[in-house]
Amino acid sequence: MKFEHCIRCTICVENCPVFRVNPAFPGPKQAGPDAQRFRSEREKSVDEWVLLCSQCKRCDMACPCGVDPAQIILRAQQKYGLEHPHTAAHLLFANNYYLSTLGSMTAPLANRFVSTEIGKKIFQRMGIATYIPFPKFSFKTLRAQKKTRSRESRKVALFYGCFINFYRPDIGRKIIQLLQSFRVDVVLPPQWCCGLPALGNGNLALAQKFAAKNVASLSNYIDAGYDVVYSCTSCGLCLLHDYQGIMDIPGAKKIAENSYNLHEYLLKLLAERGGTKPEFKEVNRTLAYHIPCHLRALKIGYPAADLMKMIPGLECRVLDDACCGLNGSYGFKKINEATAVQLGGRAVSLIRKTGAEAIVADCGSCRMQLGGLSGMNAYDPVEILCESLGIRDLKKQKK
Amino acid sequence: MSVIEYDVIVIGAGVSGLTAGTFLAKQGLNVALVTTGESTACLSTGCIDVCSQDENPLQAIVNLPDGHPYHLIPVENIRQSLHDFQQTMTDRGMPYGGGPENNRRVLSAIGTFKTTCLTPVTMQASPQNEDEKIHIITFAGLKDFYPGYIISRLKNASYSIYDAGVATTMGIAANFEGEAFLEAFILWLEKQNIREDKIGFPAVLGLESAAAIVQTIESRMECPVFEIPTIPPSMPGRRLFNHLKDYFRCQGGAIYWGWPVVGVEKSGKKIEAVIAESQGRPNSLNAKAFILATGSFVGGGLHANRDSIVENVFHLPVFLPGKRETWFDHDYFSTNHGIGQAGVAVHSDFRPADCPWDNVFVCGSILARTETLKNGCGHGFALATGQAAAKSCLEHIR
Ligand SMILES: Cc1cc2nc3c(=O)[nH]c(=O)nc-3n(C[C@H](O)[C@H](O)[C@H](O)COP(=O)(O)OP(=O)(O)OC[C@H]3O[C@@H](n4cnc5c(N)ncnc54)[C@H](O)[C@@H]3O)c2cc1C
Ligand code: SF4
Ligand code: SF4
Ligand code: SF4
């Protein structure tokens, strides 16, 4: 940990959305490097206020000295979680994956897929992970598939994440079609929750359990020549950063080195293929692109914005100053509700100022929050790209 | 090879880097700015120091010692860069008063006067001497702001305290963004029977809407109102930074946050790409030209070892005033430490001296012999050199 590098400039504090609205939270400087000097492995944590940190990582991104206060706080949160009984809310959200699985199993989703051959295929691929928590995906079949493909095309193992899986499989299907339109093979490897909700709710052990399974599964695909692509920015940050960092999962480095944000990956393909742009058709919209905190923290720039820039007619205003306040399960907890609502209100007012007709954001939880609070439509960038490329959800198309 | 090739990559989000980036983006170039973190502008008073050694900043520049990088820029261009800045800030609703011919004074949080050139509209009414009749309002529990101390250095000043419910700079400033809070505050203020000519506040009067808030208080109280800059967190510094950053982006610039450059790719006489530690694996970005604006020691551009000083990104040669004995003055609080001269020496086109690459340009406080502290040439110098380096870079690209 680099808390000794802190020069007490308070730049992190100025960037902390929670500190701005909740006087009970002392801010990243005090909760991070300052308090770290007083934390001891041998003493029980008394700093309950570390739980008020939403882990948006804005402090890490602003600190000019590389201190990474959010990482220090995350560790303090885990320590606190280990030493204190978990509240009902923390337990619930940490186990979000199991609950959602249960929820989806009972939902009559299955009927929606089966109308077409392609739909069936997608259903099989999506369905496995959606309805059976521990899919028996045969590795050999995938290899066999590989042989039938042209040499040019690349192969992607898609890590779709819980939100898309349980709530928006339509976006998942579009991602697959989008990748296919770039001449890429897509498979859905066996996968579990990335572990971030468990981590965010102070349950490191559960998070590590998920992570280890994912690493084992994705690792097989990487060995077989697949690139891992994720679309949820928070899953991505967890795969790339937390698996190697706080979770300390063996083999995590390989995953980080071979995993790409969906849009980053598309740009990479374009560059490799000599930069010819896809045939984007005009989309006459003015959109406000709310940059999810965790996309910011991925340090890859805003690749979806670069892609959307190529769409004729599209006016896309990039906003990265405001956190939506929901932060996954953070805002759903009673103690954070006021914070979440105030931050959301501020983010919405910045969006309104742009005069945009709708919102785009890569993060499902941002969309839920901003769409809900503003009453505006909130899209995934994938939906906009698909609109421009004429890709429609196969299931709906056939209706 | 990176995904997108930019025309120019600027390294550093200080006033100089943002100025250079904006200038080039306005010319239609595809510009990215990469930065470890936010810059010293956030720690500053938000006032633009051009050169504080004389009543007239432009005259003060003429009198700077030979070899000072200000001398590489024609006076007209310095004037232009300040004018452009004022225009931008006016357009963005945070006008800056003053002009390049006159330095002015700003009352500081310790009751002394700071000499500067351009001031944000929220400090426009700052008293110019200790005789002015002023009343200071502070906030209950606010740390690092002691009005008793300030008025002890003034002749006709008094103060009172408002309880805002929160006691941090950020917390109070955020509250001022709410109409109800502002209204309750003004109602309280009206009851205070303030008889002095001007009312001063610690600089916590809002974040995004500060200019409007000051104006509202002024019109309701029917007297001039001014902010007194605080130590960090400094709201006027933050406002300056946010405006410059947003403006850069409005012109089409892209910013990569949390992107400390740790290496470069080069071939022949060109730097081809810069490399940063990213999450999980290194990331690189290509460009046709690069502008180094990483600041001095505080900004992170320079690093001092026991007997040497290194430039962190390109490992350019660093000018040193002499052996280690000459680096520091015996008086700790002196503004004349020799190490203030350390930095990268450049040619008149802001290309670094003794540099094997022809597509690198340098601006801001990392320049050799700047002596920011001694000469009082902070943001103003950053504006002027940022624009000058950007112009050379533009010529190179075209
Ligand atoms: C505490 C303080 C108060 C000041 N107050 C005032 C004032 O009131 N008025 C005034 O006019 N001037 C003031 N100054 C001076 C003024 O801030 C600077 O001189 C001026 O803004 C120069 O900025 P710059 O662009 O050269 O670099 P800096 O502001 O130093 O910024 C450097 C940037 O480069 C980034 N960086 C560094 N290394 C790397 C790397 N390897 N890769 C990527 N990015 C990197 C940093 O993160 C930072 O964003 C103050 C300075 C300080 C330190
Ligand atoms: S953690 Fe970083 S940003 Fe925060 S006070 Fe310390 S040095 Fe400044
Ligand atoms: S991670 Fe976000 S909420 Fe937590 S301290 Fe940092 S800025 Fe504040
Ligand atoms: S939900 Fe979205 S904006 Fe909101 S915290 Fe996540 S990443 Fe930040």
# chains A, B, ... in the order shown; residues from 1 in each chain; ligands from 1
>>> residues_near_ligand(ligand="ligand 3", cutoff="8 Å", atoms="only C-alpha atoms and all ligand atoms", output="list of chain:residue names")
A:Cys12, A:Val13, A:Asn15, A:Cys16, A:Pro17, A:Val18, A:Phe19, A:Gly27, A:Pro28, A:Lys29, A:Ala31, A:Gly32, A:Leu52, A:Cys53, A:Ser54, A:Gln55, A:Cys56, A:Lys57, A:Arg58, A:Cys59, A:Asp60, A:Pro69, A:Ala70, A:Gln71, A:Ile73
>>> residues_near_ligand(ligand="ligand 4", cutoff="10 Å", atoms="only C-alpha atoms and all ligand atoms", output="PyMOL selection string")
chain A and resi 17+54-58+232-234+290-297+320-331+340+343-344+347+361-370
>>> closest_residue(among="B:Ala254, B:Val298, B:Ile339, B:Ala140", to="ligand 2", atoms="only C-alpha atoms and all ligand atoms")
B:Val298
>>> residues_near_ligand(ligand="ligand 1", cutoff="7 Å", atoms="only C-alpha atoms and all ligand atoms", output="PyMOL selection string")
(chain A and resi 64) or (chain B and resi 11-17+34-41+43-50+259-262+293-296+298-301+312-313+363-366+372+377-380+382)
>>> interface_residues(of="chain B", to="chain A", cutoff="6 Å", atoms="only C-alpha atoms", output="ChimeraX atom specification")
/B:3,36-38,171,233,256-258,278-281
>>> write_last_selection(atoms="all heavy atoms", output="mmCIF file, in the first residue's frame")
data_model
loop_
_atom_site.group_PDB
_atom_site.id
_atom_site.type_symbol
_atom_site.label_atom_id
_atom_site.label_comp_id
_atom_site.auth_asym_id
_atom_site.auth_seq_id
_atom_site.Cartn_x
_atom_site.Cartn_y
_atom_site.Cartn_z
ATOM 1 N N VAL B 3 -4.923 1.573 -30.640
ATOM 2 C CA VAL B 3 -6.153 1.496 -31.401
ATOM 3 C C VAL B 3 -6.393 2.747 -32.251
ATOM 4 O O VAL B 3 -6.676 2.682 -33.436
ATOM 5 C CB VAL B 3 -7.302 1.282 -30.411
ATOM 6 C CG1 VAL B 3 -8.618 1.465 -31.078
ATOM 7 C CG2 VAL B 3 -7.180 -0.104 -29.810
ATOM 8 N N THR B 36 -1.566 11.432 -14.824
ATOM 9 C CA THR B 36 -1.574 10.625 -13.616
ATOM 10 C C THR B 36 -2.783 10.991 -12.777
ATOM 11 O O THR B 36 -3.529 10.134 -12.315
ATOM 12 C CB THR B 36 -0.310 10.915 -12.774
ATOM 13 O OG1 THR B 36 0.821 10.777 -13.600
ATOM 14 C CG2 THR B 36 -0.215 9.970 -11.590
ATOM 15 N N GLY B 37 -2.953 12.273 -12.549
ATOM 16 C CA GLY B 37 -4.045 12.723 -11.708
ATOM 17 C C GLY B 37 -4.334 14.176 -12.001
ATOM 18 O O GLY B 37 -3.912 14.720 -13.028
ATOM 19 N N GLU B 38 -5.064 14.806 -11.098
ATOM 20 C CA GLU B 38 -5.368 16.215 -11.286
ATOM 21 C C GLU B 38 -4.132 17.037 -10.903
ATOM 22 O O GLU B 38 -3.200 16.538 -10.291
ATOM 23 C CB GLU B 38 -6.612 16.585 -10.483
ATOM 24 C CG GLU B 38 -7.814 15.834 -11.047
ATOM 25 C CD GLU B 38 -9.141 16.201 -10.409
ATOM 26 O OE1 GLU B 38 -9.145 16.799 -9.314
ATOM 27 O OE2 GLU B 38 -10.177 15.897 -11.005
ATOM 28 N N GLY B 171 -18.187 20.611 1.813
ATOM 29 C CA GLY B 171 -19.560 20.442 2.276
ATOM 30 C C GLY B 171 -20.330 21.757 2.190
ATOM 31 O O GLY B 171 -21.466 21.801 1.701
ATOM 32 N N PRO B 233 -8.638 22.005 0.546
ATOM 33 C CA PRO B 233 -9.310 22.089 -0.745
ATOM 34 C C PRO B 233 -9.697 23.526 -1.102
ATOM 35 O O PRO B 233 -10.417 24.176 -0.345
ATOM 36 C CB PRO B 233 -10.575 21.248 -0.564
ATOM 37 C CG PRO B 233 -10.605 20.780 0.851
ATOM 38 C CD PRO B 233 -9.422 21.308 1.556
ATOM 39 N N TYR B 256 -7.546 10.917 -20.685
ATOM 40 C CA TYR B 256 -7.337 9.608 -20.068
ATOM 41 C C TYR B 256 -6.890 9.842 -18.634
ATOM 42 O O TYR B 256 -5.757 10.228 -18.381
ATOM 43 C CB TYR B 256 -6.262 8.808 -20.816
ATOM 44 C CG TYR B 256 -6.696 8.320 -22.179
ATOM 45 C CD1 TYR B 256 -6.832 9.206 -23.240
ATOM 46 C CD2 TYR B 256 -6.970 6.975 -22.404
ATOM 47 C CE1 TYR B 256 -7.233 8.757 -24.492
ATOM 48 C CE2 TYR B 256 -7.364 6.514 -23.658
ATOM 49 C CZ TYR B 256 -7.495 7.416 -24.696
ATOM 50 O OH TYR B 256 -7.892 6.971 -25.932
ATOM 51 N N TRP B 257 -7.789 9.605 -17.678
ATOM 52 C CA TRP B 257 -7.475 9.783 -16.267
ATOM 53 C C TRP B 257 -6.708 8.582 -15.749
ATOM 54 O O TRP B 257 -6.865 7.474 -16.233
ATOM 55 C CB TRP B 257 -8.750 9.935 -15.438
ATOM 56 C CG TRP B 257 -9.609 11.072 -15.846
ATOM 57 C CD1 TRP B 257 -10.805 11.004 -16.493
ATOM 58 C CD2 TRP B 257 -9.343 12.470 -15.640
ATOM 59 N NE1 TRP B 257 -11.299 12.278 -16.706
ATOM 60 C CE2 TRP B 257 -10.423 13.183 -16.188
ATOM 61 C CE3 TRP B 257 -8.289 13.180 -15.052
ATOM 62 C CZ2 TRP B 257 -10.494 14.573 -16.166
ATOM 63 C CZ3 TRP B 257 -8.358 14.555 -15.024
ATOM 64 C CH2 TRP B 257 -9.449 15.232 -15.575
ATOM 65 N N GLY B 258 -5.953 8.824 -14.685
ATOM 66 C CA GLY B 258 -5.237 7.717 -14.056
ATOM 67 C C GLY B 258 -4.307 7.027 -15.039
ATOM 68 O O GLY B 258 -4.255 5.814 -15.096
ATOM 69 N N SER B 278 -1.838 0.283 -16.940
ATOM 70 C CA SER B 278 -3.287 0.334 -16.900
ATOM 71 C C SER B 278 -3.739 -0.759 -15.952
ATOM 72 O O SER B 278 -2.937 -1.339 -15.253
ATOM 73 C CB SER B 278 -3.804 0.129 -18.313
ATOM 74 O OG SER B 278 -5.189 0.104 -18.318
ATOM 75 N N GLN B 279 -5.039 -1.038 -15.903
ATOM 76 C CA GLN B 279 -5.501 -2.131 -15.051
ATOM 77 C C GLN B 279 -5.128 -3.442 -15.720
ATOM 78 O O GLN B 279 -5.573 -3.747 -16.804
ATOM 79 C CB GLN B 279 -7.016 -2.071 -14.863
ATOM 80 C CG GLN B 279 -7.535 -0.761 -14.352
ATOM 81 C CD GLN B 279 -7.207 -0.509 -12.885
ATOM 82 O OE1 GLN B 279 -6.371 -1.189 -12.294
ATOM 83 N NE2 GLN B 279 -7.853 0.473 -12.308
ATOM 84 N N GLY B 280 -4.286 -4.210 -15.088
ATOM 85 C CA GLY B 280 -3.998 -5.549 -15.570
ATOM 86 C C GLY B 280 -2.893 -5.654 -16.586
ATOM 87 O O GLY B 280 -2.159 -6.607 -16.594
ATOM 88 N N ARG B 281 -2.785 -4.701 -17.483
ATOM 89 C CA ARG B 281 -1.736 -4.788 -18.514
ATOM 90 C C ARG B 281 -1.399 -3.388 -18.994
ATOM 91 O O ARG B 281 -2.208 -2.476 -18.875
ATOM 92 C CB ARG B 281 -2.230 -5.634 -19.686
ATOM 93 C CG ARG B 281 -3.467 -5.052 -20.323
ATOM 94 C CD ARG B 281 -3.773 -5.620 -21.669
ATOM 95 N NE ARG B 281 -4.982 -4.993 -22.162
ATOM 96 C CZ ARG B 281 -6.198 -5.414 -21.857
ATOM 97 N NH1 ARG B 281 -6.375 -6.458 -21.094
ATOM 98 N NH2 ARG B 281 -7.253 -4.774 -22.332
#
>>> residues_around(residues="B:Glu196", least_positions_apart="5", cutoff="8 Å", atoms="only C-alpha atoms", output="ChimeraX atom specification")
/B:133-135,157
>>> write_last_selection(atoms="N, CA, C and O atoms", output="JSON list (two decimals), in the first residue's frame")
[["chain", "number", "residue", "atom", "x", "y", "z"],
["B", 133, "LYS", "N", -12.77, 49.17, 4.81],
["B", 133, "LYS", "CA", -13.70, 48.70, 5.84],
["B", 133, "LYS", "C", -14.37, 47.41, 5.36],
["B", 133, "LYS", "O", -15.18, 47.43, 4.43],
["B", 134, "ILE", "N", -14.01, 46.31, 6.00],
["B", 134, "ILE", "CA", -14.60, 45.05, 5.56],
["B", 134, "ILE", "C", -15.15, 44.24, 6.73],
["B", 134, "ILE", "O", -14.71, 44.36, 7.87],
["B", 135, "HIS", "N", -16.15, 43.44, 6.39],
["B", 135, "HIS", "CA", -16.71, 42.51, 7.38],
["B", 135, "HIS", "C", -16.52, 41.10, 6.83],
["B", 135, "HIS", "O", -16.81, 40.84, 5.67],
["B", 157, "ALA", "N", -11.70, 46.08, 10.27],
["B", 157, "ALA", "CA", -12.41, 44.85, 9.91],
["B", 157, "ALA", "C", -13.04, 44.20, 11.13],
["B", 157, "ALA", "O", -12.58, 44.37, 12.25]]
>>> select_by_dssp(residues="stretch 78-323 of chain B", states="helix (DSSP H, G or I)", output="number ranges by chain")
B: 78-91, 121-123, 147-152, 169-176, 179-190, 210-221, 235-250
>>> atom_distance(atom1="atom CA of A:Ala216", atom2="atom CA of A:Cys162")
18.2 Å
>>> closest_residue(among="B:Thr88, B:Asn175, B:Asn286, B:Asn77", to="B:Ala273", atoms="only C-alpha atoms")
B:Asn286
>>> residues_around(residues="A:Cys235", least_positions_apart="6", cutoff="8 Å", atoms="only C-alpha atoms", output="JSON list (two decimals) with N, CA, C and O atoms, in the first residue's frame")
[["chain", "number", "residue", "atom", "x", "y", "z"],
["A", 161, "GLY", "N", -21.68, -11.04, -17.63],
["A", 161, "GLY", "CA", -22.01, -10.39, -16.35],
["A", 161, "GLY", "C", -23.46, -10.59, -15.93],
["A", 161, "GLY", "O", -24.33, -10.87, -16.75],
["A", 194, "CYS", "N", -18.98, -12.06, -11.24],
["A", 194, "CYS", "CA", -17.57, -11.68, -11.18],
["A", 194, "CYS", "C", -17.07, -11.62, -9.73],
["A", 194, "CYS", "O", -15.89, -11.74, -9.48],
["A", 196, "LEU", "N", -17.85, -8.97, -7.65],
["A", 196, "LEU", "CA", -17.84, -7.59, -7.14],
["A", 196, "LEU", "C", -18.92, -7.32, -6.09],
["A", 196, "LEU", "O", -18.63, -6.69, -5.08]]
>>> select_by_dssp(residues="stretch 157-246 of chain A", states="strand (DSSP E)", output="list in words")
Ala157, Leu158, Phe159, Val184, Asp185, Val186, Val187, Asp227, Val228, Val229 and Tyr230 of chain A
>>> closest_residue(among="A:Asp47, A:Ala358, A:Arg39, A:Val67", to="ligand 2", atoms="only C-alpha atoms and all ligand atoms")
A:Val67
>>> residues_around(residues="B:Ala212", least_positions_apart="5", cutoff="9 Å", atoms="only C-alpha atoms", output="PyMOL selection string")
chain B and resi 93-94+217
>>> decode(residues="stretch 5-25 of chain B", atoms="N, CA and C atoms", output="compact mmCIF listing (two decimals), in the first residue's frame")
# COMPACT_ATOMS: atom_id res chain seq x y z
N GLU B 5 -4.86 6.42 -33.56
CA GLU B 5 -3.69 7.27 -33.58
C GLU B 5 -4.16 8.71 -33.46
N TYR B 6 -3.68 9.37 -32.43
CA TYR B 6 -4.00 10.78 -32.25
C TYR B 6 -3.01 11.63 -33.02
N ASP B 7 -3.40 12.85 -33.32
CA ASP B 7 -2.44 13.78 -33.90
C ASP B 7 -1.44 14.16 -32.82
N VAL B 8 -1.97 14.54 -31.66
CA VAL B 8 -1.09 14.99 -30.58
C VAL B 8 -1.53 14.37 -29.25
N ILE B 9 -0.57 13.95 -28.47
CA ILE B 9 -0.86 13.56 -27.10
C ILE B 9 -0.18 14.53 -26.16
N VAL B 10 -0.96 15.09 -25.25
CA VAL B 10 -0.43 15.99 -24.24
C VAL B 10 -0.29 15.18 -22.95
N ILE B 11 0.84 15.29 -22.28
CA ILE B 11 1.04 14.55 -21.04
C ILE B 11 0.97 15.54 -19.87
N GLY B 12 -0.06 15.43 -19.06
CA GLY B 12 -0.22 16.32 -17.90
C GLY B 12 -1.45 17.20 -18.01
N ALA B 13 -2.25 17.23 -16.95
CA ALA B 13 -3.50 18.00 -16.95
C ALA B 13 -3.38 19.31 -16.19
N GLY B 14 -2.19 19.90 -16.20
CA GLY B 14 -2.03 21.21 -15.58
C GLY B 14 -2.55 22.30 -16.49
N VAL B 15 -2.44 23.54 -16.05
CA VAL B 15 -2.89 24.67 -16.85
C VAL B 15 -2.17 24.68 -18.20
N SER B 16 -0.87 24.36 -18.21
CA SER B 16 -0.13 24.41 -19.47
C SER B 16 -0.59 23.32 -20.43
N GLY B 17 -0.75 22.10 -19.93
CA GLY B 17 -1.17 20.99 -20.78
C GLY B 17 -2.57 21.21 -21.34
N LEU B 18 -3.48 21.65 -20.48
CA LEU B 18 -4.85 21.88 -20.93
C LEU B 18 -4.90 23.01 -21.96
N THR B 19 -4.08 24.04 -21.75
CA THR B 19 -4.04 25.16 -22.69
C THR B 19 -3.52 24.70 -24.05
N ALA B 20 -2.42 23.94 -24.03
CA ALA B 20 -1.85 23.44 -25.28
C ALA B 20 -2.85 22.53 -25.98
N GLY B 21 -3.46 21.63 -25.24
CA GLY B 21 -4.42 20.69 -25.82
C GLY B 21 -5.60 21.40 -26.44
N THR B 22 -6.13 22.39 -25.74
CA THR B 22 -7.28 23.12 -26.25
C THR B 22 -6.93 23.87 -27.53
N PHE B 23 -5.75 24.50 -27.52
CA PHE B 23 -5.32 25.26 -28.71
C PHE B 23 -5.31 24.35 -29.94
N LEU B 24 -4.75 23.16 -29.79
CA LEU B 24 -4.61 22.24 -30.92
C LEU B 24 -5.96 21.63 -31.32
N ALA B 25 -6.78 21.32 -30.32
CA ALA B 25 -8.09 20.75 -30.64
C ALA B 25 -8.92 21.78 -31.42
